[in-house]
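A.B. asks: Have a look at the structure that comes next, please.
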Amino acid sequence: MAKVDAPVQIERLEGSFFRIRNQTDAKQFLQQHQLFANQFLQQRQYPSQEVLAGTLVKLATNNGLQKLGKEAEAEFKDTNKLQGELKQLFQHVRYYFPSFRVPPVKTFVSGLSQDLFVNDSLMVISLDFFVGPKASYRPNVPGYILRRYTPAHLLPTVALAISSKYNKHELTNQTMLSEMVQFGKSLYFAERVLPCTPDSVIIGYTAKELAGVEFNEGKVWAHFLEKNLLYNTSPFTVQKYVGERPDVPEIDKTAPGRIGAWVGWQIVRKYMAEHPSVTLAQLMSDKNAQHILNESRYRPKRRQ
C-alpha cells in the first residue's frame, strides 16, 4: 500500500471563520475560499453575497457555536493525525481505483447543518458533528443515528460517501434484494478501504447489536425468505428493512434498524470469498444483485 501515493492537503477553515466579526470580514472569507463558498455554502442559492455574508456573521459570532467550535478544536487539534488517517484511506481507495482523484480537504464548523460534502474537487468535513457525546450541542437526530457521530465514525462516514461514486445499481425496478446488495457493496467498500475498523463502527451498531445479528443471522435470513421479501418492490416495505429505524420489530424487537443492509453486506462478503479473482472495482460496477446472491451461495444456518 505504501507504493500508492495519495497526498492530502487539509486546510482548517474554523480559525478564519471564527475571526469573522462583520460583513467585510465575511466577504473577505468568501473571496479567499471561493470553491468552498460555491460548493459547500452554495453561494448561488443566496439572493446576494451580502445575504450569505450576513448569515456567516451571525454564525461566527454566535456564542453557542463558538463554544462548540472550541470543543471541536480540542477533539481534533492534531491535524497531522487526521491527515495521516485520511491519507491511508485515500491510498486504499487509489489502490483499488487508480484514477481516484484526491480532493482538497477542508475542515469547518457548520453549525450542525451538513456533516460531510464530497465530490471530485472538494471534501468538507464539519467537525462539529463528530465531537461526540461530550459536545455542548449535538446533531438534532434520533439517538440510534446520533451514536454514529463520534470521532471514531468520521472515517467510515467519509468512506461510505466515497463508495457512492463507484457503487453502480439498477435505477429501475428497485427490489428489496437490489437495495440490500447496494448497501452491502457500500459497507464492503468501507471495510476494504478501512481494514482496521471494526464492523460495528462501519455500520454504526453497538457491539451488543452486532453480536445479536451475527448470532441470529440464519433466523434473519429465514425471515426474508419465508415472508417473500427479496423481490418486494414496495418502497415502504423496503425502507422498513434497509432504512433508518431504531429497530425492526417485524423480525424481532431486538433487531436493529438497517438490518437488510447488514444482510446485504454478508451476501457481498460471501460472494467475494467465493470469487477471489473478482476485484473491488468489478464488484462495485456489478449492477446485478441477483447474480451476486446466486454466486455467493449465501445460506446461513438457522440456530435451534
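Just so we're on the same page: first chain in the C-alpha cells is A, next is B, and so on; residues restart at 1 for each chain, and ligands are numbered from 1 in the order they show up.
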I'd like the neighbourhood of Thr279 in chain A as a short mmCIF file (atom, residue, chain, number, x, y, z; two decimals) with all heavy atoms, in the first residue's frame, where a residue qualifies if any of its atoms comes within 12 Å (using only C-alpha atoms), though same-chain residues fewer than 6 positions away should be ignored.
C.D. replies:
```
data_model
loop_
_atom_site.label_atom_id
_atom_site.label_comp_id
_atom_site.auth_asym_id
_atom_site.auth_seq_id
_atom_site.Cartn_x
_atom_site.Cartn_y
_atom_site.Cartn_z
N TYR A 95 -5.57 2.40 -4.49
CA TYR A 95 -5.04 1.07 -4.78
C TYR A 95 -6.07 0.29 -5.61
O TYR A 95 -5.73 -0.39 -6.57
CB TYR A 95 -4.74 0.35 -3.46
CG TYR A 95 -4.37 -1.10 -3.59
CD1 TYR A 95 -3.08 -1.48 -4.00
CD2 TYR A 95 -5.30 -2.11 -3.32
CE1 TYR A 95 -2.75 -2.82 -4.12
CE2 TYR A 95 -4.97 -3.45 -3.44
CZ TYR A 95 -3.68 -3.79 -3.85
OH TYR A 95 -3.35 -5.12 -3.97
N TYR A 96 -7.35 0.41 -5.22
CA TYR A 96 -8.41 -0.31 -5.92
C TYR A 96 -8.93 0.46 -7.14
O TYR A 96 -9.44 -0.14 -8.09
CB TYR A 96 -9.58 -0.59 -4.97
CG TYR A 96 -9.22 -1.52 -3.83
CD1 TYR A 96 -9.16 -1.06 -2.51
CD2 TYR A 96 -8.94 -2.87 -4.06
CE1 TYR A 96 -8.84 -1.92 -1.46
CE2 TYR A 96 -8.61 -3.73 -3.02
CZ TYR A 96 -8.56 -3.24 -1.72
OH TYR A 96 -8.23 -4.08 -0.69
N PHE A 97 -8.85 1.79 -7.07
CA PHE A 97 -9.36 2.65 -8.15
C PHE A 97 -8.27 3.67 -8.49
O PHE A 97 -8.29 4.80 -7.99
CB PHE A 97 -10.63 3.38 -7.69
CG PHE A 97 -11.76 2.45 -7.31
CD1 PHE A 97 -11.88 1.99 -6.00
CD2 PHE A 97 -12.68 2.02 -8.25
CE1 PHE A 97 -12.90 1.12 -5.66
CE2 PHE A 97 -13.71 1.15 -7.91
CZ PHE A 97 -13.82 0.70 -6.61
N TYR A 188 -19.07 -3.04 2.24
CA TYR A 188 -17.90 -3.85 1.89
C TYR A 188 -16.76 -2.95 1.40
O TYR A 188 -15.59 -3.15 1.74
CB TYR A 188 -18.27 -4.88 0.83
CG TYR A 188 -17.14 -5.84 0.51
CD1 TYR A 188 -16.88 -6.93 1.34
CD2 TYR A 188 -16.32 -5.64 -0.60
CE1 TYR A 188 -15.83 -7.80 1.07
CE2 TYR A 188 -15.27 -6.50 -0.88
CZ TYR A 188 -15.03 -7.58 -0.05
OH TYR A 188 -13.99 -8.43 -0.32
N PHE A 189 -17.10 -1.94 0.62
CA PHE A 189 -16.12 -0.96 0.15
C PHE A 189 -15.45 -0.30 1.36
O PHE A 189 -14.21 -0.21 1.44
CB PHE A 189 -16.83 0.10 -0.70
CG PHE A 189 -15.95 1.24 -1.18
CD1 PHE A 189 -15.41 1.22 -2.45
CD2 PHE A 189 -15.69 2.34 -0.37
CE1 PHE A 189 -14.62 2.27 -2.91
CE2 PHE A 189 -14.90 3.39 -0.80
CZ PHE A 189 -14.35 3.35 -2.08
N ARG A 192 -13.01 -2.56 3.07
CA ARG A 192 -11.76 -2.77 2.34
C ARG A 192 -10.82 -1.56 2.41
O ARG A 192 -9.60 -1.71 2.45
CB ARG A 192 -12.04 -3.10 0.86
CG ARG A 192 -12.68 -4.46 0.67
CD ARG A 192 -11.78 -5.64 1.02
NE ARG A 192 -10.76 -5.89 0.02
CZ ARG A 192 -10.89 -6.73 -1.01
NH1 ARG A 192 -12.02 -7.40 -1.19
NH2 ARG A 192 -9.91 -6.88 -1.86
N TYR A 271 -19.97 -13.59 -1.45
CA TYR A 271 -19.72 -13.57 -2.91
C TYR A 271 -18.23 -13.36 -3.18
O TYR A 271 -17.62 -14.06 -4.00
CB TYR A 271 -20.56 -12.47 -3.55
CG TYR A 271 -20.20 -12.20 -5.00
CD1 TYR A 271 -20.61 -13.08 -6.01
CD2 TYR A 271 -19.46 -11.07 -5.36
CE1 TYR A 271 -20.27 -12.85 -7.34
CE2 TYR A 271 -19.14 -10.84 -6.68
CZ TYR A 271 -19.54 -11.72 -7.67
OH TYR A 271 -19.19 -11.48 -8.98
N MET A 272 -17.62 -12.39 -2.47
CA MET A 272 -16.20 -12.09 -2.70
C MET A 272 -15.30 -13.22 -2.20
O MET A 272 -14.25 -13.51 -2.79
CB MET A 272 -15.83 -10.76 -2.05
CG MET A 272 -16.49 -9.56 -2.71
SD MET A 272 -16.10 -9.35 -4.47
CE MET A 272 -14.55 -8.44 -4.36
N ALA A 273 -15.72 -13.89 -1.12
CA ALA A 273 -14.95 -15.03 -0.62
C ALA A 273 -14.99 -16.19 -1.61
O ALA A 273 -14.01 -16.91 -1.81
CB ALA A 273 -15.50 -15.48 0.73
N SER A 285 -19.04 -2.24 -9.77
CA SER A 285 -19.71 -1.90 -11.04
C SER A 285 -20.74 -2.95 -11.45
O SER A 285 -21.44 -2.79 -12.44
CB SER A 285 -18.67 -1.70 -12.15
OG SER A 285 -17.99 -2.92 -12.37
N ASP A 286 -20.85 -4.04 -10.66
CA ASP A 286 -21.84 -5.09 -10.97
C ASP A 286 -23.22 -4.66 -10.47
O ASP A 286 -23.46 -4.57 -9.27
CB ASP A 286 -21.41 -6.42 -10.30
CG ASP A 286 -22.27 -7.60 -10.74
OD1 ASP A 286 -23.37 -7.36 -11.30
OD2 ASP A 286 -21.84 -8.75 -10.53
#
```
A.B. asks: May I have the residues within 12 Å of range 31-35 of chain A as a ChimeraX atom specification, using only C-alpha atoms and disregarding those fewer than 4 positions away in the same chain?
C.D. replies: /A:11-13,16-17,24-27,39-44,49,53,103-106,108,119,121-124
A.B. asks: Please return, as a ChimeraX atom specification, all residues of range 40-218 of chain A that DSSP assigns to alpha helix (DSSP H) on the basis of the backbone.
C.D. replies: /A:49-60,63-75,79-96,143-146,154-166,176-193,199-203,207-215,217-218
A.B. asks: Considering only C-alpha atoms, can you say which of A:Phe236, A:Tyr298, A:Phe183, A:Tyr137 comes closest to Glu217 in chain A?
C.D. replies: A:Tyr298
A.B. asks: I'd like the interatomic distance between CA of Leu116 in chain A and CA of Pro195 in chain A, to a tenth of an Å.
C.D. replies: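 We find that CA of Leu116 in chain A and CA of Pro195 in chain A lie 21.5 Å from each other.
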A.B. asks: Would you mind reading off the distance between CA of Gln239 in chain A and CA of Thr175 in chain A, one decimal, in Å?
C.D. replies: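 Between CA of Gln239 in chain A and CA of Thr175 in chain A the gap works out to 10.8 Å.
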A.B. asks: Skip Ser126 in chain A itself and residues of its chain fewer than 5 positions away, then list as a PyMOL selection string all residues within 6 Å of it, counting only C-alpha atoms.
C.D. replies: chain A and resi 107-110+115
A.B. asks: Just give me the gap between CA of Gly111 in chain A and CA of Gln23 in chain A in Å, one decimal is fine.
C.D. replies: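 That distance, rounded to one decimal, is 18.5 Å.
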A.B. asks: Skip range 158-170 of chain A itself and residues of its chain fewer than 6 positions away, then list as a list in words all residues within 8 Å of it, counting only C-alpha atoms.
C.D. replies: Leu89, Leu116, Val118, Ser178, Gln182, Lys185, Ser186, Leu187, Phe189, Ala190, Val193, Leu194, Ala281, Met284, Ser285, Asp286, Lys287 and Asn288 of chain A
A.B. asks: Based on the selection just made, write N, CA and C atoms of those residues as an mmCIF file, in the first residue's frame.
C.D. replies:
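The result, written out as again-v5.cif:
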```cif
data_model
loop_
_atom_site.group_PDB
_atom_site.id
_atom_site.type_symbol
_atom_site.label_atom_id
_atom_site.label_comp_id
_atom_site.auth_asym_id
_atom_site.auth_seq_id
_atom_site.Cartn_x
_atom_site.Cartn_y
_atom_site.Cartn_z
ATOM 1 N N LEU A 89 -6.628 6.163 4.074
ATOM 2 C CA LEU A 89 -7.916 5.856 3.443
ATOM 3 C C LEU A 89 -7.830 6.093 1.931
ATOM 4 N N LEU A 116 -20.972 16.301 5.997
ATOM 5 C CA LEU A 116 -19.901 15.981 5.056
ATOM 6 C C LEU A 116 -20.317 16.371 3.656
ATOM 7 N N VAL A 118 -18.671 15.857 -0.303
ATOM 8 C CA VAL A 118 -17.530 15.331 -1.072
ATOM 9 C C VAL A 118 -17.890 15.164 -2.536
ATOM 10 N N SER A 178 -32.149 -5.805 -4.382
ATOM 11 C CA SER A 178 -31.212 -4.862 -5.010
ATOM 12 C C SER A 178 -30.766 -3.778 -4.031
ATOM 13 N N GLN A 182 -26.989 -3.301 -2.724
ATOM 14 C CA GLN A 182 -26.351 -1.995 -2.944
ATOM 15 C C GLN A 182 -25.746 -1.461 -1.639
ATOM 16 N N LYS A 185 -22.686 -3.528 -0.752
ATOM 17 C CA LYS A 185 -21.479 -3.167 -1.517
ATOM 18 C C LYS A 185 -20.792 -1.944 -0.896
ATOM 19 N N SER A 186 -21.603 -0.971 -0.456
ATOM 20 C CA SER A 186 -21.038 0.227 0.202
ATOM 21 C C SER A 186 -20.278 -0.142 1.467
ATOM 22 N N LEU A 187 -20.910 -0.991 2.284
ATOM 23 C CA LEU A 187 -20.286 -1.399 3.549
ATOM 24 C C LEU A 187 -19.022 -2.223 3.279
ATOM 25 N N PHE A 189 -17.105 -1.939 0.624
ATOM 26 C CA PHE A 189 -16.121 -0.955 0.153
ATOM 27 C C PHE A 189 -15.446 -0.296 1.364
ATOM 28 N N ALA A 190 -16.268 0.143 2.342
ATOM 29 C CA ALA A 190 -15.722 0.808 3.542
ATOM 30 C C ALA A 190 -14.798 -0.138 4.307
ATOM 31 N N VAL A 193 -11.397 -0.355 2.414
ATOM 32 C CA VAL A 193 -10.530 0.838 2.451
ATOM 33 C C VAL A 193 -10.193 1.272 3.879
ATOM 34 N N LEU A 194 -10.883 0.665 4.867
ATOM 35 C CA LEU A 194 -10.578 0.917 6.291
ATOM 36 C C LEU A 194 -10.373 -0.433 6.977
ATOM 37 N N ALA A 281 -13.292 -3.127 -7.749
ATOM 38 C CA ALA A 281 -13.860 -2.298 -8.825
ATOM 39 C C ALA A 281 -14.912 -3.079 -9.615
ATOM 40 N N MET A 284 -18.072 -3.371 -7.461
ATOM 41 C CA MET A 284 -18.819 -2.112 -7.348
ATOM 42 C C MET A 284 -19.562 -1.776 -8.639
ATOM 43 N N SER A 285 -19.035 -2.237 -9.774
ATOM 44 C CA SER A 285 -19.709 -1.897 -11.043
ATOM 45 C C SER A 285 -20.742 -2.952 -11.446
ATOM 46 N N ASP A 286 -20.854 -4.043 -10.664
ATOM 47 C CA ASP A 286 -21.836 -5.088 -10.966
ATOM 48 C C ASP A 286 -23.215 -4.661 -10.466
ATOM 49 N N LYS A 287 -24.136 -4.399 -11.408
ATOM 50 C CA LYS A 287 -25.478 -3.924 -11.039
ATOM 51 C C LYS A 287 -26.440 -5.066 -10.739
ATOM 52 N N ASN A 288 -26.000 -6.301 -10.994
ATOM 53 C CA ASN A 288 -26.927 -7.428 -10.948
ATOM 54 C C ASN A 288 -26.946 -8.092 -9.565
#
```
A.B. asks: Residues near Pro235 in chain A, anyone? I mean within 9 Å using only C-alpha atoms, not counting same-chain ones fewer than 5 positions away, as a VMD selection string.
C.D. replies: chain A and resid 174 to 176 240
A.B. asks: Name the closest residue to Phe36 in chain A among the candidates A:Ile292, A:Ile125, A:Val131, A:Val8; distances are taken between atoms, counting only C-alpha atoms.
C.D. replies: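 Among A:Ile292, A:Ile125, A:Val131, A:Val8, it is A:Ile125 that comes nearest to Phe36 in chain A.
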